[in-house]
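Coordinates as given in run_5.txt (compact mmCIF, C-alpha atoms):
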```txt
# COMPACT_ATOMS: atom_id res chain seq x y z
CA MET I 27 -2.06 -13.37 18.75
CA ARG I 28 -5.05 -14.58 16.81
CA LYS I 29 -4.46 -16.39 13.54
CA THR I 30 -6.33 -17.50 10.47
CA ILE I 31 -5.18 -20.63 8.67
CA VAL I 32 -4.40 -20.96 4.98
CA ALA I 33 -3.02 -23.86 2.96
CA ALA I 34 0.70 -23.34 2.47
CA THR I 35 1.64 -26.21 0.18
CA THR I 36 5.17 -26.60 -1.08
CA LEU I 37 5.53 -29.25 -3.76
CA ALA I 38 8.95 -30.19 -5.07
CA LEU I 39 8.51 -31.43 -8.63
CA ILE I 40 11.20 -33.25 -10.53
CA GLY I 41 10.29 -33.35 -14.21
CA ALA I 42 11.32 -35.97 -16.72
CA ALA I 43 14.53 -35.16 -18.54
CA VAL I 44 16.66 -36.63 -21.25
CA PHE I 45 20.39 -36.92 -20.65
CA LEU I 46 22.93 -37.56 -23.34
CA SER I 47 26.08 -39.53 -22.79
CA GLY I 48 28.66 -41.14 -24.91
CA ALA I 49 26.67 -44.39 -24.87
CA GLY I 50 23.59 -42.70 -26.25
CA PRO I 51 20.51 -41.02 -24.78
CA ILE I 52 19.33 -41.97 -21.31
CA VAL I 53 15.63 -41.34 -20.78
CA ALA I 54 14.48 -40.49 -17.23
CA PRO I 55 11.82 -42.77 -15.72
CA PRO I 56 8.15 -41.71 -15.81
CA ALA I 57 7.09 -38.88 -13.51
CA ALA I 58 5.22 -41.37 -11.30
CA GLU I 59 8.55 -42.83 -10.26
CA PHE I 60 9.46 -39.50 -8.65
CA ALA I 61 6.39 -39.31 -6.40
CA ARG I 62 8.50 -40.26 -3.40
CA TYR I 63 10.46 -37.00 -3.80
CA SER I 64 7.37 -34.81 -3.41
CA VAL I 65 7.07 -33.01 -0.09
CA LEU I 66 3.69 -31.82 1.15
CA THR I 67 3.81 -29.51 4.15
CA PRO I 68 0.77 -29.10 6.42
CA ALA I 69 -1.29 -25.91 6.47
CA GLY I 70 0.23 -23.15 8.57
CA PRO I 71 -0.79 -19.75 9.93
CA ALA I 72 -1.46 -16.87 7.55
CA GLU I 73 0.48 -14.60 9.89
CA PRO I 74 3.82 -15.52 11.46
CA GLU I 75 3.90 -15.19 15.24
CA ALA I 76 4.70 -11.58 16.12
CA SER I 77 7.08 -12.77 18.83
CA ILE I 78 9.08 -14.66 16.18
CA MET I 79 9.06 -11.84 13.62
CA SER I 80 10.33 -9.35 16.19
CA LYS I 81 13.44 -11.48 16.87
CA LEU I 82 14.44 -12.21 13.26
CA HIS I 83 17.43 -10.38 11.86
CA ARG I 84 16.26 -10.55 8.26
CA LEU I 85 13.42 -8.41 6.99
CA VAL I 86 10.12 -10.27 7.23
CA TRP I 87 6.71 -8.92 6.32
CA ALA I 88 3.20 -10.32 6.45
CA GLU I 89 -0.48 -9.36 6.38
CA HIS I 90 -2.14 -8.80 9.73
CA VAL I 91 -5.92 -8.89 10.06
CA ILE I 92 -7.20 -6.57 12.77
CA GLU I 93 -9.34 -8.28 15.39
CA ARG I 94 -11.04 -7.09 18.54
CA GLY I 95 -8.39 -6.15 21.07
CA ASP I 96 -6.04 -4.59 18.47
CA ASN I 97 -6.73 -1.06 19.70
CA SER I 98 -3.30 0.54 19.48
CA VAL I 99 -0.95 0.83 16.51
CA GLY I 100 1.85 1.44 19.00
CA GLN I 101 1.25 -1.88 20.73
CA LEU I 102 0.91 -3.68 17.40
CA ALA I 103 4.23 -2.23 16.21
CA LYS I 104 5.95 -3.25 19.44
CA GLU I 105 4.76 -6.84 19.05
CA TYR I 106 6.25 -7.09 15.56
CA GLY I 107 9.53 -5.38 16.45
CA THR I 108 8.99 -2.14 14.54
CA THR I 109 7.65 1.36 15.25
CA ALA I 110 4.21 2.94 14.94
CA MET I 111 5.57 5.43 12.40
CA SER I 112 6.95 2.56 10.30
CA LEU I 113 3.56 0.83 10.15
CA GLN I 114 1.77 4.11 9.44
CA THR I 115 4.20 4.97 6.63
CA THR I 116 4.07 1.47 5.12
CA ASN I 117 0.27 1.50 5.06
CA ASN I 118 0.08 5.21 4.11
CA ASP I 119 -2.35 5.75 6.96
CA GLU I 120 -2.12 7.18 10.48
CA LEU I 121 -4.11 4.13 11.60
CA LEU I 122 -6.27 6.10 13.99
CA LEU I 123 -9.03 3.56 13.36
CA LEU I 124 -8.23 -0.14 13.78
CA ASN I 125 -11.53 -1.70 12.76
CA PRO I 126 -11.89 -5.50 13.04
CA GLY I 127 -11.38 -7.20 9.68
CA ARG I 128 -9.08 -4.51 8.33
CA LYS I 129 -5.86 -5.80 6.74
CA LEU I 130 -2.48 -4.18 7.42
CA VAL I 131 0.99 -4.89 6.11
CA VAL I 132 3.27 -5.50 9.09
CA HIS I 133 7.05 -5.93 9.15
CA ASN I 134 9.87 -6.19 11.65
CA LYS I 135 12.16 -3.29 10.72
CA ASN I 136 12.27 0.48 11.12
CA GLY I 137 11.25 2.29 7.94
CA GLN I 138 8.82 2.13 5.06
CA LEU I 139 8.18 -1.21 3.38
CA TYR I 140 7.64 0.11 -0.13
CA GLU I 141 5.71 -1.85 -2.75
CA VAL I 142 6.82 -1.31 -6.36
CA ARG I 143 3.77 -0.17 -8.34
CA LYS I 144 5.05 -0.58 -11.91
CA SER I 145 7.76 -2.60 -13.62
CA SER I 146 9.46 0.50 -15.04
CA GLU I 147 10.33 1.74 -11.55
CA SER I 148 13.99 1.54 -10.58
CA LEU I 149 15.70 1.67 -7.21
CA ASP I 150 17.38 4.93 -8.21
CA HIS I 151 14.04 6.59 -9.00
CA ILE I 152 12.69 5.65 -5.57
CA ILE I 153 15.77 6.92 -3.76
CA ALA I 154 15.74 10.17 -5.76
CA ARG I 155 12.38 10.99 -4.18
CA ILE I 156 13.98 10.71 -0.74
CA HIS I 157 17.41 12.31 -1.34
CA ARG I 158 18.00 14.84 -4.09
CA ASP I 159 21.63 15.39 -3.18
CA ARG I 160 23.69 12.91 -5.22
CA ALA I 161 26.19 12.12 -2.46
CA GLN I 162 23.43 11.46 0.07
CA ALA I 163 21.50 9.40 -2.49
CA LEU I 164 24.51 7.14 -3.17
CA LYS I 165 25.13 6.65 0.54
CA TYR I 166 21.47 5.84 1.17
CA LYS I 167 21.37 3.47 -1.81
CA ALA I 168 24.22 1.46 -0.30
CA LEU I 169 22.18 1.16 2.92
CA VAL I 170 19.06 0.05 1.03
CA VAL I 171 21.05 -2.56 -0.92
CA MET I 172 22.53 -3.92 2.31
CA VAL I 173 19.32 -4.19 4.37
CA ASN I 174 17.38 -5.72 1.47
CA HIS I 175 20.20 -8.13 0.54
CA LEU I 176 20.18 -6.91 -3.06
CA PRO I 177 23.06 -7.92 -5.37
CA GLY I 178 26.16 -5.74 -5.32
CA ALA I 179 25.57 -4.94 -9.00
CA ALA I 180 22.72 -2.70 -7.86
CA LEU I 181 25.34 -0.17 -6.71
CA LEU I 182 26.93 0.10 -10.15
CA GLY I 183 24.03 1.76 -11.97
CA GLU I 184 20.28 1.71 -12.55
CA TYR I 185 18.73 -1.29 -10.82
CA ASP I 186 15.29 -2.26 -12.14
CA LEU I 187 12.64 -3.62 -9.81
CA TYR I 188 9.63 -5.74 -10.66
CA LYS I 189 6.01 -4.86 -10.00
CA GLY I 190 4.90 -6.05 -6.57
CA GLN I 191 8.43 -6.26 -5.18
CA ARG I 192 8.83 -5.03 -1.58
CA VAL I 193 11.80 -2.87 -0.62
CA LEU I 194 12.55 -1.60 2.87
CA LEU I 195 13.45 2.10 2.93
CA PRO I 196 15.17 2.54 6.32
CA ASN I 197 14.27 5.49 8.55
CA VAL I 198 11.70 6.88 6.08
CA SER I 199 8.67 8.57 7.63
CA VAL I 200 5.76 10.63 6.33
CA SER I 201 4.72 14.13 7.29
CA TRP I 202 1.00 13.67 7.78
CA ASP I 203 -1.60 16.10 6.46
CA THR I 204 -4.58 13.91 7.16
CA TYR I 205 -8.08 14.11 8.60
CA ARG I 206 -8.65 13.60 12.31
CA PHE I 207 -11.67 13.62 14.57
CA PRO I 208 -13.09 17.15 15.05
CA PHE I 209 -12.90 16.80 18.83
CA ALA I 210 -10.19 16.44 21.46
CA GLY I 211 -8.93 12.89 21.78
CA PHE I 212 -9.68 9.95 19.50
CA GLY I 213 -13.01 8.45 18.52
CA TRP I 214 -16.29 9.69 17.11
CA GLY I 215 -18.57 9.26 20.04
CA ARG I 216 -22.14 8.37 19.09
CA ILE I 217 -23.10 8.79 15.43
CA SER I 218 -26.76 9.83 15.51
CA SER I 219 -27.12 9.95 11.72
CA GLY I 220 -24.82 8.42 9.13
CA PHE I 221 -23.69 9.39 5.63
CA GLY I 222 -26.04 8.76 2.69
CA MET I 223 -29.79 8.48 2.20
CA ARG I 224 -31.93 8.84 5.32
CA TYR I 225 -35.40 9.84 6.45
CA HIS I 226 -35.09 13.43 7.64
CA PRO I 227 -36.53 13.75 11.18
CA LEU I 228 -37.84 17.30 10.62
CA LEU I 229 -38.65 17.40 6.90
CA HIS I 230 -40.31 13.95 7.10
CA ARG I 231 -39.02 12.74 3.76
CA ALA I 232 -36.07 10.80 2.33
CA ARG I 233 -33.08 13.03 1.76
CA TYR I 234 -29.38 12.56 1.11
CA HIS I 235 -27.25 13.29 4.17
CA ASP I 236 -23.92 14.81 3.13
CA GLY I 237 -22.05 14.16 6.38
CA LEU I 238 -22.18 12.62 9.83
CA ASP I 239 -24.22 13.84 12.79
CA ILE I 240 -22.13 13.30 15.91
CA ALA I 241 -24.07 13.56 19.16
CA LYS I 242 -22.17 15.55 21.79
CA PRO I 243 -23.18 17.60 24.86
CA TRP I 244 -24.01 21.26 24.29
CA GLY I 245 -20.85 23.36 24.34
CA THR I 246 -18.37 20.54 23.51
CA PRO I 247 -15.23 22.14 21.94
CA VAL I 248 -14.86 21.65 18.18
CA TYR I 249 -11.44 21.61 16.45
CA PRO I 250 -10.41 21.48 12.78
CA ALA I 251 -10.20 17.94 11.44
CA ARG I 252 -7.40 19.22 9.19
CA SER I 253 -5.37 22.41 8.96
CA GLY I 254 -6.45 25.08 6.50
CA ARG I 255 -8.04 28.49 6.04
CA VAL I 256 -11.57 29.50 7.12
CA VAL I 257 -13.64 30.42 4.05
CA GLU I 258 -17.04 30.70 5.74
CA ALA I 259 -18.09 31.42 9.33
CA GLY I 260 -21.66 32.38 10.20
CA TRP I 261 -25.29 31.48 9.66
CA SER I 262 -26.16 29.21 6.71
CA GLU I 263 -29.81 28.08 6.40
CA GLY I 264 -30.30 24.49 7.62
CA TYR I 265 -26.71 24.25 8.89
CA GLY I 266 -27.33 26.98 11.44
CA GLN I 267 -24.03 28.37 12.69
CA LEU I 268 -21.53 26.96 10.16
CA ILE I 269 -17.76 26.96 9.67
CA VAL I 270 -16.18 25.89 6.36
CA ILE I 271 -12.41 25.28 6.20
CA LYS I 272 -10.53 24.96 2.90
CA HIS I 273 -7.42 22.77 2.92
CA PRO I 274 -4.22 23.05 0.83
CA ASP I 275 -5.40 20.51 -1.79
CA GLY I 276 -8.73 22.27 -2.36
CA TRP I 277 -10.82 19.91 -0.23
CA THR I 278 -13.08 21.39 2.48
CA THR I 279 -14.57 20.37 5.82
CA ARG I 280 -17.82 21.72 7.27
CA TYR I 281 -18.91 22.04 10.90
CA GLY I 282 -22.61 22.77 11.37
CA HIS I 283 -25.25 23.45 14.08
CA LEU I 284 -22.65 25.23 16.28
CA SER I 285 -23.65 27.24 19.32
CA LYS I 286 -20.49 29.38 19.22
CA ILE I 287 -18.02 30.41 16.49
CA TYR I 288 -14.56 31.60 17.48
CA VAL I 289 -12.91 32.09 14.07
CA HIS I 290 -13.33 34.47 11.14
CA VAL I 291 -13.08 34.21 7.36
CA GLY I 292 -9.46 34.24 6.19
CA GLN I 293 -8.06 32.88 9.47
CA LEU I 294 -5.53 30.03 9.34
CA VAL I 295 -6.42 27.19 11.72
CA GLN I 296 -4.40 24.21 12.88
CA ARG I 297 -5.66 20.65 13.04
CA GLY I 298 -6.63 19.60 16.54
CA LYS I 299 -5.28 22.79 18.14
CA THR I 300 -7.36 25.81 17.11
CA LEU I 301 -10.66 26.03 18.98
CA ILE I 302 -13.07 26.98 16.18
CA GLY I 303 -16.46 26.60 17.90
CA ARG I 304 -18.71 24.65 20.22
CA VAL I 305 -21.42 22.05 19.67
CA GLY I 306 -24.97 23.41 19.55
CA SER I 307 -28.36 22.80 17.94
CA THR I 308 -28.81 25.75 15.58
CA GLY I 309 -30.55 25.47 12.19
CA LEU I 310 -32.53 22.33 11.32
CA SER I 311 -31.59 20.26 14.34
CA THR I 312 -33.38 18.03 16.85
CA GLY I 313 -30.76 18.31 19.61
CA PRO I 314 -27.12 19.18 20.33
CA HIS I 315 -24.73 17.55 17.84
CA LEU I 316 -22.07 18.40 15.27
CA HIS I 317 -22.85 18.01 11.59
CA PHE I 318 -19.46 17.17 10.04
CA GLU I 319 -18.75 17.02 6.30
CA VAL I 320 -15.78 16.33 4.04
CA ARG I 321 -16.01 17.58 0.43
CA ASP I 322 -13.57 17.10 -2.44
CA ARG I 323 -12.22 19.87 -4.66
CA ASN I 324 -15.32 19.55 -6.88
CA ASN I 325 -17.54 20.11 -3.81
CA ARG I 326 -18.77 16.49 -3.81
CA PRO I 327 -19.48 15.09 -0.32
CA ILE I 328 -17.28 12.17 0.80
CA ASN I 329 -18.05 9.84 3.68
CA PRO I 330 -15.94 11.22 6.58
CA ARG I 331 -15.45 7.71 7.96
CA VAL I 332 -13.13 6.75 5.09
CA LYS I 333 -10.96 9.88 5.43
CA ILE I 334 -9.98 9.76 9.10
CA GLY I 335 -6.25 9.10 9.32
CA ARG I 336 -5.85 9.53 5.56
CA ARG I 337 -5.16 12.29 3.10
```
Take the structure I supplied and represent it as structure tokens, if you would.
Amino acid sequence: MRKTIVAATTLALIGAAVFLSGAGPIVAPPAAEFARYSVLTPAGPAEPEASIMSKLHRLVWAEHVIERGDNSVGQLAKEYGTTAMSLQTTNNDELLLLNPGRKLVVHNKNGQLYEVRKSSESLDHIIARIHRDRAQALKYKALVVMVNHLPGAALLGEYDLYKGQRVLLPNVSVSWDTYRFPFAGFGWGRISSGFGMRYHPLLHRARYHDGLDIAKPWGTPVYPARSGRVVEAGWSEGYGQLIVIKHPDGWTTRYGHLSKIYVHVGQLVQRGKTLIGRVGSTGLSTGPHLHFEVRDRNNRPINPRVKIGRR
């Protein structure tokens, strides 16, 4: 396990104090006299060893920096003694992309490590979002109090939490409605043209590129990056053969330059399962590839790279 080093200094300070006794005030010696009580620990690793975290009974969490070789969230979870679903839920991300330098919150228990976002949030409010039935909520609250070693008073009524506090919510998982790669398997393949300003190879001028061009062999199957309803399927100027899918939150994805279209307007399609078309080179295109776009509910293009594995 690769580590980065940070200074972890613990300094025990004993301040000057004044004590009163029957014989009169006793003034503590100057602070310099207490220097011998100060303890300076050497710098340690930013991340605890995964092998140690996985064996601890108490809840422990840390920040893990992805490095080359961290290719599987399942393997990472196993090293820390948790599950892939727990890490995905804690980080609110399917973690389909583990890019070097990315920071993840890791922990050694099964469930969501929840970070309190505002000081007005109480334990009861959090649990109410998980269990609406009062009897189930009370039972689950007792479990949360036990695994987080919260005071017993937390069971007697509203228990306020402070901003930034971490609370383990055992056995909590997320039902993902996120973006995936528009092909079978994981990974983009070769990106022949990125998102943003570029020099257009056919128009010979600078132009904003609203998506990603993903080079694939002619006829490669194309699948929805997210479930939704087809709102456009057919020829569309520079896109050539185009499919537009609208998702439940109003966002859309676009699949351009297709050689074949297998869906029709109004059809419901399922992420990664419904074959919607095949890679081609129709419209303004220099060779077989898929033009892939993600647009928000206001029809503004968003870089697809930042949406994979996320809502």
Inset, instruction - Excluding range 132-146 of chain I and any residue of its chain fewer than 6 positions from it, enumerate the residues within 6 Å of it, using all atoms listed in the file, and give them as a ChimeraX atom specification. - result: /I:80,86-88,106-108,112,115-116,188-198
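The residue that comes closest to Glu184 in chain I, out of I:Glu93, I:Glu105, I:Glu258, I:Asp150 and on the basis of only C-alpha atoms, is I:Asp150.
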Legend entry - For Val257 in chain I: contacts at 12 Å, only C-alpha atoms, fewer than 5 positions along chain excluded, given as a PyMOL selection string: chain I and resi 268-273+276-280+289-295
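Considering all atoms listed in the file, the residue among I:Ala110, I:Leu130, I:Leu102, I:Ile156 positioned nearest to Glu89 in chain I is I:Leu130.
Proximity to range 206-214 of chain I at 8 Å, evaluated using only C-alpha atoms and with sequence-adjacent residues fewer than 2 positions away removed, yields Leu122, Thr204, Arg216, Ile217, Ile240, Pro247, Val248, Tyr249, Pro250, Ala251, Arg252, Arg297, Gly298, Ile334 and Gly335 of chain I.
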Answer as a CSV table (one decimal) with C-alpha atoms, in the coordinates of the input, residues within 6 Å of (-19.0, 26.4, 15.9) using all atoms listed in the file:
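Generated file (out-v1.csv):
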```
chain,number,residue,atom,x,y,z
I,284,LEU,CA,-22.6,25.2,16.3
I,285,SER,CA,-23.6,27.2,19.3
I,286,LYS,CA,-20.5,29.4,19.2
I,287,ILE,CA,-18.0,30.4,16.5
I,302,ILE,CA,-13.1,27.0,16.2
I,303,GLY,CA,-16.5,26.6,17.9
I,304,ARG,CA,-18.7,24.6,20.2
```
Legend entry - One-decimal distance in Å that lies between CA of Pro177 in chain I and CA of Ala154 in chain I: 19.5 Å
Legend entry - Glu319 in chain I surroundings by only C-alpha atoms, 8 Å radius, close-in-sequence under 3 positions cut, as a ChimeraX atom specification: /I:236-238,279-281,327-330
Output as JSON the centre and edge lengths (Å, one decimal) of the box along x, y and z of the file that holds every listed atom of range 300-317 of chain I after adding 8 Å on each side.
```
{"center_x": -20.4, "center_y": 22.3, "center_z": 15.8, "size_x": 42.0, "size_y": 25.4, "size_z": 25.0}
```
Legend entry - I:His151, I:Pro274, I:Leu181, I:Arg337 ranked by distance to Lys165 in chain I, top pick (using all atoms listed in the file): I:Leu181
Inset, instruction - Figure out the distance between CA of Gly178 in chain I and CA of Ala163 in chain I, please, to one decimal in Å. - result: 16.1 Å
Inset, instruction - Quick one: pull the distance between CA of Gly309 in chain I and CA of Tyr265 in chain I, Å, one decimal. - result: 5.2 Å
Inset, instruction - Using all atoms listed in the file, pick whichever of I:Arg233, I:Arg255, I:Arg158, I:Lys242 has the shortest atom-to-atom distance to His283 in chain I. - result: I:Lys242
